[in-house]
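Single-structure report; data block below.
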Protein chains: 2
Amino acid sequence: MPNILIADDHDLVRDTIAAYLETVDDFHVQTAASLDDALTKMRGLDAVDLLILDYNMPGMNGLAGLDKARGQFPATKVALMSGVANRDVANSAMANGAHGFIPKSLTAVSLVNAIKFILSGERYFPFDFGTGDTRAKPSGAFATLSDREMETLEQLCIGLSNKEIARNLGVQEVTVKLHVKNVLAKLGVSNRTQAALLAKEHQLF
Amino acid sequence: MPNILIADDHDLVRDTIAAYLETVDDFHVQTAASLDDALTKMRGLDAVDLLILDYNMPGMNGLAGLDKARGQFPATKVALMSGVANRDVANSAMANGAHGFIPKSLTAVSLVNAIKFILSGERYFPFDFGTGDTRAKPSGAFATLSDREMETLEQLCIGLSNKEIARNLGVQEVTVKLHVKNVLAKLGVSNRTQAALLAKEHQLF
DNA sequence: TAGGCACCTATACCAAAGTATAGTTTCGTC
DNA sequence: GACGAAACTATACTTTGGTATAGGTGCCTA
């Protein structure tokens, strides 16, 4: 029976997940409320097969907690779980050797499947995470852009200057400035670089 | 026993995979050498649970073949397999409703795991596909950046202004300007937005 | 110890980016 | 025909970004 340890500082979240896992399949699930708590418990337990760490939890300190856990227990698979992390965090976690990234938006059955997948030696990453949901919503903000503003944003995403954009769109530079200003305001960012980054993040171009 | 149909025009590839799957687990595996061949066979067979299509195969015509298969057999899960496709193709496949994308670089055990994963109702996508190689190379240009220049670039990638970067790094704004200028020159780009985009593209931050 | 390199600062200048306000045209809709 | 929205232009302005030159420090190495 696989040993699983779930560390999350939200009692409700942690305990309901644990309870669910125990009923639905043949898992032995322990819980902890912080990273240190988790590491302490692991020393007193039989070998833990899978350690699930909440990204926002006392002691985690970003991805440092992941490294710490992996360093102390090289034989244990470690997965990161988060309800808020963006794709960059998730990618970094995987790059840092995590065995899986579990968004809290996962369905219960998918969670079980993901856990089995990891326990079988694979590394789990929800392929559409950070793109699926973000692409689905041209998140309000993007939807408010007019056609011309969207074209302007597209040019921003190649890193062009106002002058170059003006030439490409066949308008005056002042006009481009206006469009850019509107884009920045609508997206709630403070300069063109952030606008480009945001659009890229949302896979718009 | 799950029914699997593998369609690939390379006999060796197809048959060895099929043979392996039959020995290693409880799969019933059929094979086909083209898309039309596969669709014809499916009409004469019991319900096929998983159809694995080679991306480069007679009749596929890019992702059109995927749509065709999904249209004719809505109840069958369809995965795309390829040895050469890039990440864009893979993403498009998933966006078009494929239940999985299987690069031929996968190990045999991973293939089995992926298949089980798909059969359990999940959608399989190798998380590091198409990025592994790009992340590996801090490609020449990036390697020439000094520590400080790299830190500066990191801040550029959040869309910060010189002033903000100066504050974060604890230096004067002029110094940041110097670093930025050097970064632009070394990366061969003409402004900060392009630098940020380039770094993001190479998965640096 | 002399040179090279990374790092920091300073002054100065021009170009580009961004803001503000005001006005014209076009187009579709009420 | 009135109206609003989107697109475009104009003038004018401030802030930020990027370039150039010059010089100071510390660290490492030939």
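Identifiers in the structure tokens: chain A, B, ... in order shown; residue index from 1 per chain; ligand index from 1 in order shown.
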Superposition RMSD [C-alpha atoms, order-paired], chain A onto chain B: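 Least-squares fit of chain A onto chain B, C-alpha RMSD 4.1 Å.
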Backbone-only DSSP, alpha helix (DSSP H) members of stretch 88-184 of chain B, as number ranges by chain: B: 88-95, 108-119, 132-136, 147-156, 162-169, 173-184
Selection near C:DC7, 10 Å with only C-alpha atoms (C1' of nucleotides), sequence-local residues under 3 positions removed, as an MDAnalysis selection string: (chainID B and resid 146 148 175 179) or (chainID D and resid 25:26)
Could you please tell me, as a CSV table (one decimal) with C-alpha atoms (C1' of nucleotides), in the first residue's frame, which residues of chain C have an atom within 10 Å of chain A when using only C-alpha atoms (C1' of nucleotides)?
chain,number,residue,atom,x,y,z
C,16,DA,C1',11.4,56.9,-27.7
C,17,DA,C1',7.5,56.1,-24.8
C,18,DG,C1',3.6,57.7,-22.5
C,19,DT,C1',0.0,61.4,-21.1
6 Å contact set for stretch 103-110 of chain A, only C-alpha atoms (C1' of nucleotides), chain neighbours under 2 positions out, as JSON, numbers by chain: {"A": [81, 82, 83, 112, 113, 114]}
DSSP-assigned strand (DSSP E or B) among chain B, expressed as a list in words: Asn3, Ile4, Leu5, Ile6, Ala7, His28, Val29, Gln30, Thr31, Ala32, Leu50, Leu51, Ile52, Leu53, Asp54, Lys77, Val78, Ala79, Leu80, Met81, Ser82, Gly100, Phe101, Ile102, Pro103 and Tyr124 of chain B
Produce a table with one row for each residue of chain D that has an atom at most 8 Å from any atom of chain A, each row naming the nearest atom pair and its distance in Å at one decimal; use only C-alpha atoms (C1' of nucleotides); arrange rows by chain and rising residue number; format as a Markdown table.
| residue | atom | partner | partner_atom | distance |
| --- | --- | --- | --- | --- |
| D:DA6 | C1' | A:Ser146 | CA | 7.7 |
| D:DA7 | C1' | A:Arg148 | CA | 8.0 |
| D:DC8 | C1' | A:Thr175 | CA | 6.5 |
| D:DT9 | C1' | A:Thr175 | CA | 7.2 |
Those selected residues, please, written with C-alpha atoms (C1' of nucleotides) and delivered as a PDB file, in the first residue's frame.
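The result, written out as again_22.pdb:
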ATOM      1  C1'  DA D   6     -13.920  53.365 -33.101  1.00  0.00           C
ATOM      2  C1'  DA D   7     -10.418  55.096 -35.644  1.00  0.00           C
ATOM      3  C1'  DC D   8      -7.432  58.654 -36.864  1.00  0.00           C
ATOM      4  C1'  DT D   9      -4.804  63.136 -36.517  1.00  0.00           C
TER       5       DT D   9
END
Residues of chain B within 6 Å of chain A, only C-alpha atoms counted, as a PyMOL selection string: chain B and resi 125+127+159+193-194
Atom-to-atom span, atom CA of B:Tyr20 and atom CA of B:Asn96, Å: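 Spanning atom CA of B:Tyr20 to atom CA of B:Asn96 is a straight-line distance of 28.8 Å.
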Spatial neighbours of stretch 69-72 of chain B, max dist 10 Å, only C-alpha atoms (C1' of nucleotides), sep filter under 5 positions, as a ChimeraX atom specification: /B:35-36,38-39,42-43,51,53,60,64,77-78,96-98
